[in-house]
$ cat model-v1.cif   # mmCIF, C-alpha atoms and all ligand atoms
data_structure
#
loop_
_atom_site.label_atom_id
_atom_site.label_comp_id
_atom_site.auth_asym_id
_atom_site.auth_seq_id
_atom_site.Cartn_x
_atom_site.Cartn_y
_atom_site.Cartn_z
CA MET A 1022 57.41 170.00 30.08
CA THR A 1023 60.93 169.80 31.43
CA ASN A 1024 61.81 170.93 34.94
CA SER A 1025 64.83 173.03 35.77
CA ARG A 1026 67.91 170.89 35.12
CA ALA A 1027 70.89 173.19 35.28
CA ASP A 1028 72.87 170.34 36.83
CA PHE A 1029 72.24 167.68 34.16
CA ARG A 1030 74.84 165.10 33.22
CA THR A 1031 75.10 163.89 29.63
CA ILE A 1032 76.29 160.29 30.11
CA TRP A 1033 76.62 158.10 33.19
CA LEU A 1034 76.42 154.55 34.52
CA LYS A 1035 73.01 153.61 35.83
CA ASN A 1036 72.69 153.65 39.61
CA GLU A 1037 72.77 150.10 40.99
CA ASP A 1038 73.22 148.51 37.55
CA ASP A 1039 76.62 149.09 36.06
CA SER A 1040 75.81 147.04 32.98
CA ILE A 1041 73.73 149.93 31.66
CA VAL A 1042 74.95 153.31 30.41
CA GLN A 1043 72.44 156.14 30.46
CA ILE A 1044 72.20 159.23 28.27
CA ILE A 1045 69.78 162.08 27.67
CA ASP A 1046 67.90 161.46 24.43
CA GLN A 1047 68.69 164.90 23.02
CA ARG A 1048 66.22 164.43 20.16
CA GLN A 1049 63.41 165.00 22.67
CA LEU A 1050 64.70 168.32 24.06
CA PRO A 1051 63.55 170.97 24.79
CA HIS A 1052 60.04 169.55 25.17
CA ASP A 1053 60.82 166.35 27.06
CA TYR A 1054 63.75 165.27 29.24
CA VAL A 1055 64.05 161.57 28.40
CA VAL A 1056 66.78 159.29 29.74
CA ALA A 1057 67.69 156.42 27.40
CA ASP A 1058 69.41 153.16 28.36
CA LEU A 1059 72.34 151.81 26.36
CA THR A 1060 72.53 148.08 27.11
CA ASN A 1061 74.99 147.00 24.42
CA TYR A 1062 77.50 148.64 22.08
CA ARG A 1063 75.03 148.68 19.19
CA ASP A 1064 72.73 150.87 21.27
CA GLY A 1065 75.69 153.23 21.60
CA ALA A 1066 76.34 153.18 17.84
CA TYR A 1067 72.66 153.91 17.21
CA ALA A 1068 72.67 156.75 19.77
CA ILE A 1069 75.59 158.39 17.95
CA SER A 1070 74.38 157.91 14.38
CA GLU A 1071 70.77 158.91 15.14
CA MET A 1072 71.95 161.83 17.29
CA LEU A 1073 70.43 160.91 20.64
CA VAL A 1074 73.88 162.15 21.64
CA ARG A 1075 75.85 164.60 19.54
CA GLY A 1076 78.62 167.15 19.84
CA ALA A 1077 82.22 166.11 19.29
CA PRO A 1078 83.34 165.44 22.90
CA LEU A 1079 80.14 163.61 23.88
CA ILE A 1080 80.33 161.47 20.73
CA GLY A 1081 83.83 160.41 21.82
CA ALA A 1082 82.71 159.70 25.38
CA THR A 1083 79.74 157.67 24.13
CA ALA A 1084 82.05 155.59 21.96
CA ALA A 1085 84.25 154.92 25.00
CA TRP A 1086 81.29 153.86 27.14
CA SER A 1087 79.98 151.72 24.26
CA LEU A 1088 83.30 149.88 24.21
CA TYR A 1089 82.85 149.21 27.92
CA LEU A 1090 79.47 147.64 27.04
CA ALA A 1091 81.19 145.68 24.27
CA GLY A 1092 83.66 144.45 26.91
CA LEU A 1093 80.77 143.12 29.02
CA GLU A 1094 79.19 141.46 25.99
CA ALA A 1095 82.53 139.94 25.02
CA GLU A 1096 82.89 138.08 28.31
CA GLY A 1097 82.70 134.35 27.63
CA THR A 1098 83.11 134.70 23.85
CA ALA A 1099 85.92 132.77 22.17
CA ASN A 1100 87.92 135.90 21.40
CA PRO A 1101 86.85 138.90 23.53
CA ARG A 1102 89.49 141.21 22.11
CA ARG A 1103 88.32 140.49 18.54
CA PHE A 1104 84.73 141.20 19.60
CA ILE A 1105 85.76 144.56 21.07
CA GLN A 1106 87.82 145.46 18.00
CA GLN A 1107 84.83 144.75 15.74
CA ALA A 1108 82.64 146.91 17.97
CA ALA A 1109 85.28 149.65 17.77
CA ALA A 1110 85.24 149.55 13.96
CA GLU A 1111 81.44 149.83 13.92
CA LEU A 1112 81.44 152.70 16.38
CA ALA A 1113 84.18 154.59 14.54
CA ALA A 1114 82.09 154.47 11.34
CA THR A 1115 78.98 156.06 12.85
CA ARG A 1116 79.83 159.72 12.12
CA PRO A 1117 82.74 160.94 9.98
CA THR A 1118 83.52 164.57 10.87
CA ALA A 1119 84.11 164.79 14.64
CA VAL A 1120 87.61 163.46 15.20
CA ASN A 1121 86.94 162.75 18.89
CA LEU A 1122 85.18 159.55 17.86
CA GLN A 1123 88.28 157.94 16.34
CA TRP A 1124 90.44 159.52 19.05
CA ALA A 1125 88.40 157.91 21.82
CA VAL A 1126 88.24 154.53 20.07
CA ASP A 1127 92.03 154.53 19.49
CA ARG A 1128 92.72 155.55 23.08
CA VAL A 1129 90.55 152.80 24.51
CA LEU A 1130 91.94 150.11 22.18
CA ALA A 1131 95.50 151.09 23.13
CA VAL A 1132 94.71 150.57 26.81
CA ILE A 1133 93.47 147.00 26.33
CA GLU A 1134 96.11 145.99 23.81
CA ASN A 1135 98.17 143.80 26.12
CA ALA A 1136 95.67 143.20 28.92
CA ASP A 1137 94.38 139.85 30.18
CA ASP A 1138 90.91 138.95 28.92
CA ASN A 1139 89.46 138.95 32.42
CA ALA A 1140 90.70 142.49 33.05
CA LEU A 1141 89.01 143.96 29.97
CA PRO A 1142 85.70 145.21 31.45
CA SER A 1143 87.34 146.98 34.37
CA LEU A 1144 89.99 148.56 32.13
CA LEU A 1145 87.32 149.71 29.66
CA ARG A 1146 85.24 151.16 32.45
CA SER A 1147 88.09 153.11 34.01
CA GLU A 1148 89.16 154.48 30.61
CA ALA A 1149 85.63 155.69 29.84
CA GLU A 1150 85.50 157.30 33.28
CA ALA A 1151 88.89 158.94 32.71
CA ILE A 1152 87.81 160.34 29.32
CA CYS A 1153 84.72 161.88 30.92
CA TYR A 1154 86.60 163.28 33.90
CA GLU A 1155 89.30 164.78 31.67
CA ASP A 1156 86.72 166.28 29.30
CA SER A 1157 84.97 168.16 32.08
CA GLU A 1158 88.31 169.47 33.39
CA ILE A 1159 89.25 170.54 29.85
CA SER A 1160 85.96 172.42 29.47
CA ARG A 1161 86.48 174.10 32.84
CA ASN A 1162 89.90 175.34 31.72
CA ILE A 1163 88.53 176.51 28.35
CA GLY A 1164 86.00 178.44 30.40
CA SER A 1165 88.67 180.19 32.48
CA HIS A 1166 90.70 181.22 29.43
CA GLY A 1167 87.62 182.38 27.53
CA LEU A 1168 86.37 184.29 30.56
CA ALA A 1169 89.47 186.50 30.44
CA LEU A 1170 88.65 187.34 26.80
CA ILE A 1171 85.05 188.20 27.63
CA GLU A 1172 86.14 190.37 30.55
CA ALA A 1173 88.62 192.24 28.35
CA ILE A 1174 85.93 193.00 25.74
CA ALA A 1175 83.36 193.86 28.41
CA ALA A 1176 85.77 196.40 29.93
CA ASN A 1177 85.55 198.41 26.68
CA ILE A 1178 81.76 198.51 26.63
CA PRO A 1179 80.73 199.50 30.15
CA GLY A 1180 77.07 199.92 30.92
CA ARG A 1181 75.59 197.26 28.70
CA PRO A 1182 75.79 193.46 28.31
CA ILE A 1183 78.34 191.97 25.96
CA ASN A 1184 76.54 190.38 22.99
CA ILE A 1185 77.95 187.00 22.01
CA LEU A 1186 76.80 185.06 18.95
CA THR A 1187 77.07 181.28 18.87
CA HIS A 1188 76.14 178.63 16.32
CA CYS A 1189 74.88 175.07 16.88
CA ASN A 1190 75.31 173.61 20.36
CA ALA A 1191 78.81 173.63 21.76
CA GLY A 1192 77.32 173.60 25.22
CA ALA A 1193 77.24 171.27 28.17
CA LEU A 1194 74.99 168.98 26.13
CA ALA A 1195 77.78 168.51 23.59
CA THR A 1196 80.35 167.61 26.24
CA ILE A 1197 80.40 166.13 29.73
CA ALA A 1198 80.04 169.45 31.55
CA TRP A 1199 80.31 173.19 30.89
CA GLY A 1200 80.55 172.87 27.10
CA THR A 1201 83.28 174.51 25.07
CA ALA A 1202 81.84 177.70 23.53
CA THR A 1203 79.45 178.06 26.47
CA ALA A 1204 82.00 177.49 29.27
CA PRO A 1205 83.35 181.09 29.14
CA ILE A 1206 79.77 182.37 28.93
CA TYR A 1207 78.66 180.38 31.99
CA MET A 1208 81.69 181.58 33.94
CA ALA A 1209 81.12 185.21 32.94
CA HIS A 1210 77.46 184.98 33.92
CA ALA A 1211 78.34 183.37 37.26
CA LYS A 1212 80.87 186.13 37.93
CA GLY A 1213 78.33 188.86 37.27
CA VAL A 1214 79.72 190.00 33.90
CA PRO A 1215 76.55 190.91 31.98
CA VAL A 1216 76.27 188.70 28.90
CA HIS A 1217 73.58 188.20 26.28
CA VAL A 1218 73.77 185.37 23.74
CA TRP A 1219 72.43 185.42 20.17
CA VAL A 1220 71.53 181.79 19.51
CA ASP A 1221 71.48 180.71 15.84
CA GLU A 1222 68.65 178.22 15.38
CA THR A 1223 71.01 176.00 13.33
CA ARG A 1224 68.92 174.29 10.71
CA PRO A 1225 68.34 171.55 9.84
CA ARG A 1226 68.53 169.83 13.26
CA ASN A 1227 67.98 173.00 15.27
CA GLN A 1228 70.67 172.37 17.87
CA GLY A 1229 70.56 176.10 18.62
CA SER A 1230 66.83 176.49 19.16
CA GLN A 1231 66.35 173.09 20.79
CA LEU A 1232 69.54 172.61 22.81
CA THR A 1233 71.57 175.80 23.26
CA ALA A 1234 68.55 177.97 24.06
CA TRP A 1235 67.33 175.28 26.46
CA GLU A 1236 70.57 174.94 28.39
CA LEU A 1237 71.18 178.71 28.55
CA GLY A 1238 67.64 179.05 29.88
CA GLN A 1239 68.22 176.36 32.51
CA ARG A 1240 71.16 178.39 33.83
CA GLY A 1241 69.45 181.76 33.58
CA VAL A 1242 71.77 183.20 30.92
CA PRO A 1243 70.02 185.95 28.92
CA HIS A 1244 69.68 184.89 25.28
CA THR A 1245 67.66 185.46 22.13
CA LEU A 1246 66.98 182.96 19.37
CA ILE A 1247 67.58 184.14 15.80
CA VAL A 1248 67.27 182.54 12.38
CA ASP A 1249 70.53 181.38 10.90
CA ASN A 1250 70.65 184.22 8.40
CA ALA A 1251 70.23 187.05 10.95
CA GLY A 1252 73.82 187.16 12.23
CA GLY A 1253 75.22 189.30 9.40
CA HIS A 1254 72.51 191.91 9.86
CA LEU A 1255 73.09 192.08 13.61
CA MET A 1256 76.83 192.43 13.09
CA GLN A 1257 76.34 195.32 10.64
CA HIS A 1258 74.27 197.11 13.26
CA GLY A 1259 76.71 196.81 16.15
CA GLN A 1260 74.70 194.19 17.97
CA VAL A 1261 77.40 191.51 18.16
CA ASP A 1262 80.58 192.09 20.17
CA LEU A 1263 82.05 188.62 19.92
CA CYS A 1264 81.39 185.25 18.24
CA ILE A 1265 82.33 181.97 19.92
CA THR A 1266 81.63 178.59 18.32
CA GLY A 1267 82.82 175.05 18.89
CA THR A 1268 84.52 172.74 16.40
CA ASP A 1269 84.34 169.07 15.48
CA ARG A 1270 87.80 168.86 13.95
CA THR A 1271 90.66 171.36 13.88
CA THR A 1272 93.66 170.95 11.59
CA ARG A 1273 97.22 171.50 12.85
CA CYS A 1274 97.16 174.79 10.92
CA GLY A 1275 94.01 176.02 12.66
CA ASP A 1276 91.24 175.42 10.10
CA VAL A 1277 88.06 174.40 11.92
CA ALA A 1278 85.16 172.18 10.84
CA ASN A 1279 81.94 172.97 12.63
CA LYS A 1280 78.20 172.80 12.03
CA ILE A 1281 77.13 173.97 8.58
CA GLY A 1282 76.82 177.74 8.50
CA THR A 1283 79.76 178.50 10.77
CA TYR A 1284 81.86 179.61 7.79
CA LEU A 1285 79.26 182.20 6.77
CA LYS A 1286 79.23 183.62 10.31
CA ALA A 1287 83.02 183.89 10.24
CA LEU A 1288 82.90 185.72 6.90
CA ALA A 1289 80.36 188.19 8.23
CA ALA A 1290 82.37 188.67 11.43
CA SER A 1291 85.51 189.35 9.40
CA ASP A 1292 83.69 191.90 7.21
CA ASN A 1293 82.51 193.71 10.34
CA ASN A 1294 85.75 193.48 12.37
CA ILE A 1295 84.12 191.37 15.05
CA PRO A 1296 86.34 188.88 16.91
CA PHE A 1297 85.52 185.30 15.94
CA TYR A 1298 86.85 182.75 18.44
CA VAL A 1299 86.60 178.98 18.35
CA ALA A 1300 86.64 177.05 21.64
CA LEU A 1301 88.05 173.54 21.51
CA PRO A 1302 89.41 170.74 23.61
CA SER A 1303 92.72 169.49 22.22
CA THR A 1304 90.93 166.19 21.59
CA THR A 1305 89.36 167.82 18.50
CA ILE A 1306 92.72 168.63 16.92
CA ASP A 1307 93.63 166.32 14.06
CA TRP A 1308 97.42 166.74 14.06
CA LYS A 1309 97.75 164.64 10.90
CA ILE A 1310 96.07 167.12 8.58
CA ARG A 1311 96.75 170.71 7.55
CA ASN A 1312 94.12 171.86 5.02
CA GLY A 1313 90.60 171.54 6.43
CA VAL A 1314 88.71 172.32 3.22
CA GLN A 1315 90.51 169.55 1.35
CA GLU A 1316 91.09 167.00 4.08
CA ILE A 1317 88.20 167.01 6.56
CA PRO A 1318 85.42 164.57 5.61
CA ILE A 1319 82.06 166.35 5.65
CA GLU A 1320 79.12 164.29 6.80
CA GLN A 1321 76.06 164.27 4.54
CA ARG A 1322 72.85 163.30 6.28
CA ASP A 1323 69.32 162.24 5.40
CA ALA A 1324 67.44 164.62 3.08
CA ARG A 1325 64.45 164.36 5.40
CA GLU A 1326 66.23 166.58 7.95
CA VAL A 1327 65.99 169.39 5.38
CA SER A 1328 62.61 168.69 3.80
CA HIS A 1329 60.86 168.18 7.15
CA ILE A 1330 60.63 170.06 10.45
CA VAL A 1331 59.89 168.41 13.79
CA GLY A 1332 58.02 170.20 16.57
CA MET A 1333 55.19 170.05 19.06
CA VAL A 1334 51.57 170.35 17.97
CA ASP A 1335 48.95 170.23 20.75
CA GLY A 1336 51.38 168.42 23.05
CA GLN A 1337 52.35 165.81 20.43
CA ARG A 1338 55.67 165.56 18.56
CA LYS A 1339 54.91 166.00 14.86
CA GLU A 1340 57.04 166.03 11.76
CA VAL A 1341 55.81 168.18 8.88
CA CYS A 1342 57.04 168.34 5.30
CA THR A 1343 57.84 171.85 4.06
CA THR A 1344 58.72 171.00 0.44
CA ALA A 1345 57.09 169.60 -2.66
CA ASN A 1346 57.47 165.82 -2.68
CA ASN A 1347 59.95 165.79 -5.55
CA THR A 1348 62.25 168.63 -4.43
CA PRO A 1349 65.87 167.49 -4.69
CA VAL A 1350 67.69 168.03 -1.38
CA SER A 1351 71.28 167.91 -0.19
CA ASN A 1352 72.20 167.95 3.48
CA TYR A 1353 75.81 168.83 4.26
CA ALA A 1354 76.14 168.76 8.04
CA PHE A 1355 79.43 170.66 8.49
CA ASP A 1356 81.60 173.26 6.80
CA VAL A 1357 85.18 174.38 7.24
CA THR A 1358 86.19 177.86 8.37
CA PRO A 1359 89.74 178.63 7.22
CA ALA A 1360 92.17 179.71 9.94
CA ARG A 1361 92.52 183.19 8.39
CA LEU A 1362 88.94 183.97 9.49
CA VAL A 1363 89.48 182.79 13.08
CA THR A 1364 90.67 185.45 15.54
CA GLY A 1365 91.91 182.86 18.02
CA LEU A 1366 91.49 179.37 19.42
CA ILE A 1367 90.43 178.97 23.06
CA THR A 1368 91.92 175.72 24.33
CA GLU A 1369 92.37 174.14 27.75
CA ARG A 1370 95.97 175.40 27.77
CA GLY A 1371 95.21 178.99 26.78
CA VAL A 1372 94.25 181.13 23.79
CA CYS A 1373 96.40 181.00 20.68
CA ALA A 1374 96.47 182.15 17.08
CA ALA A 1375 94.67 179.87 14.64
CA SER A 1376 97.88 178.68 13.01
CA GLU A 1377 100.37 175.85 13.25
CA SER A 1378 102.79 177.99 15.27
CA GLY A 1379 99.95 179.15 17.53
CA LEU A 1380 98.83 175.62 18.29
CA LEU A 1381 102.38 174.33 18.71
CA SER A 1382 103.14 177.11 21.19
CA LEU A 1383 100.52 175.51 23.48
CA PHE A 1384 101.04 171.87 22.44
CA PRO A 1385 104.81 171.60 21.78
CA GLU A 1386 104.65 167.81 22.11
CA HIS A 1387 103.13 167.74 18.58
CA LYS A 1388 106.11 169.48 16.91
O1 LIG A 1401 75.91 167.43 14.41
P1 LIG A 1401 76.29 167.78 15.82
O2 LIG A 1401 75.15 168.28 16.63
O3 LIG A 1401 77.05 166.67 16.48
O4 LIG A 1401 77.29 169.00 15.64
C1 LIG A 1401 77.86 169.58 16.79
C2 LIG A 1401 78.67 170.77 16.51
O5 LIG A 1401 78.87 171.16 15.38
C3 LIG A 1401 79.34 171.42 17.69
O6 LIG A 1401 79.47 172.79 17.48
C4 LIG A 1401 80.72 170.80 17.86
O7 LIG A 1401 80.61 169.43 18.01
C5 LIG A 1401 81.44 171.35 19.01
S1 LIG A 1401 80.83 170.61 20.48
C6 LIG A 1401 81.70 171.10 21.81
#

$ encode --input "model-v1.cif" --output "structure tokens"
Amino acid sequence: MTNSRADFRTIWLKNEDDSIVQIIDQRQLPHDYVVADLTNYRDGAYAISEMLVRGAPLIGATAAWSLYLAGLEAEGTANPRRFIQQAAAELAATRPTAVNLQWAVDRVLAVIENADDNALPSLLRSEAEAICYEDSEISRNIGSHGLALIEAIAANIPGRPINILTHCNAGALATIAWGTATAPIYMAHAKGVPVHVWVDETRPRNQGSQLTAWELGQRGVPHTLIVDNAGGHLMQHGQVDLCITGTDRTTRCGDVANKIGTYLKALAASDNNIPFYVALPSTTIDWKIRNGVQEIPIEQRDAREVSHIVGMVDGQRKEVCTTANNTPVSNYAFDVTPARLVTGLITERGVCAASESGLLSLFPEHK
């Protein structure tokens, strides 16, 4: 069993050995808290593609730290920069939907472009540290802006907790700290605003039941796990006041790609006049694209994630098949919620309309 770990970090350099990056192996949660070592950039690529780490901001941070490891490995090779560029290409190909991955890789490569070979490891290390520091500050600011929204809604429903529905894990485990969708919730809870979270289990990988429920529990936030299809029913019966999800890629017009099933929640929220907010660091905005349905690449993953379920049986991790052997399966990992279904975007610079003008009002440098 895991102990209380409300203060966990998601990625860090190993104490007394700065040639090793450490992560939580999120595949083992909530049953076991296992720290995994990344000793070379291929370990980092494996951790991203096999989802030891996941969540858009943490994927980006892991890529940055993996390039630091590539920098250490490159020392003494004939062409260190070439080695790092090859590692960057491999890392960027690990998962297609979250734009933070390419963003982090591009940012790190830009920093080393004109540097001396012998300065590469220290430059790569300080850039990975900066990306992590900035991400936790971004999440903190998302939390403050989202808190104001929660307080405004709570003021209209005195005497009972505000019910917030979330999908997947856009929590601290998906970022460096605080999370995105969870940051306002954590701040509200800390401030004494009564909140209760409906946690979608989020098949097939169960990020809701295995990660979001776990981290809310660690911090003492009241929550209830529901099957993915329950949200519409709860909304029809007045049991959801607000939805907040994360996003893996946001277009400049405000369409958002997030874990498969998010779109259906947004449709149900729209039908029931329930505010549907998406919390995002600006690092998930892809300013080059406008139409999310047509332009965002949607990851398709192994059929086994759908045909099988993993869980604990008598203290042992077991995977069981729930289908006939020959059942055809498809496994789309993300969907796109059009901007028209999004009430607003909660960013580190404030809350805006899910539209090009809304985003540009907060990020005028992208005009
Ligand atoms: O497949 P995952 O677990 O990486 O998907 C994660 C999500 O969809 C999150 O909601 C998204 O990355 C936002 S994280 C702050």

$ residues_near_ligand --input "model-v1.cif" --ligand "ligand LIG 1401 (chain A)" --cutoff "8 Å" --atoms "only C-alpha atoms and all ligand atoms" --output "MDAnalysis selection string"
chainID A and resid 1072 1074:1080 1119 1188:1193 1195:1196 1200:1202 1226 1228 1266:1269 1278:1281 1300:1302 1354:1355

$ closest_residue --input "model-v1.cif" --among "A:Ala1091, A:Ile1041, A:Ala1211, A:Ala1082" --to "A:Glu1155" --atoms "only C-alpha atoms"
A:Ala1082

$ residues_near_point --input "model-v1.cif" --point "(85.5, 140.0, 32.0)" --cutoff "9 Å" --atoms "only C-alpha atoms" --output "MDAnalysis selection string"
chainID A and resid 1092:1097 1101 1138:1143

$ residues_around --input "model-v1.cif" --residues "A:Gly1252" --least-positions-apart "2" --cutoff "9 Å" --atoms "only C-alpha atoms" --output "PDB file with C-alpha atoms, in the coordinates of the input"
ATOM      1  CA  LEU A1186      76.800 185.060  18.950  1.00  0.00           C
ATOM      2  CA  TRP A1219      72.430 185.420  20.170  1.00  0.00           C
ATOM      3  CA  ASP A1221      71.480 180.710  15.840  1.00  0.00           C
ATOM      4  CA  ILE A1247      67.580 184.140  15.800  1.00  0.00           C
ATOM      5  CA  VAL A1248      67.270 182.540  12.380  1.00  0.00           C
ATOM      6  CA  ASP A1249      70.530 181.380  10.900  1.00  0.00           C
ATOM      7  CA  ASN A1250      70.650 184.220   8.400  1.00  0.00           C
ATOM      8  CA  HIS A1254      72.510 191.910   9.860  1.00  0.00           C
ATOM      9  CA  LEU A1255      73.090 192.080  13.610  1.00  0.00           C
ATOM     10  CA  MET A1256      76.830 192.430  13.090  1.00  0.00           C
ATOM     11  CA  GLN A1257      76.340 195.320  10.640  1.00  0.00           C
ATOM     12  CA  VAL A1261      77.400 191.510  18.160  1.00  0.00           C
ATOM     13  CA  LYS A1286      79.230 183.620  10.310  1.00  0.00           C
ATOM     14  CA  ALA A1289      80.360 188.190   8.230  1.00  0.00           C
ATOM     15  CA  ALA A1290      82.370 188.670  11.430  1.00  0.00           C
TER      16      ALA A1290
END

$ atom_distance --input "model-v1.cif" --atom1 "atom CA of A:Ile1133" --atom2 "atom CA of A:Arg1063"
19.8 Å

$ closest_residue --input "model-v1.cif" --among "A:His1166, A:His1052, A:Arg1146, A:Arg1103" --to "A:Glu1134" --atoms "only C-alpha atoms"
A:Arg1103

$ residues_around --input "model-v1.cif" --residues "A:Gly1241" --least-positions-apart "5" --cutoff "12 Å" --atoms "all atoms listed in the file" --output "ChimeraX atom specification"
/A:1025-1027,1206-1207,1210-1211,1213,1215-1218,1234-1236
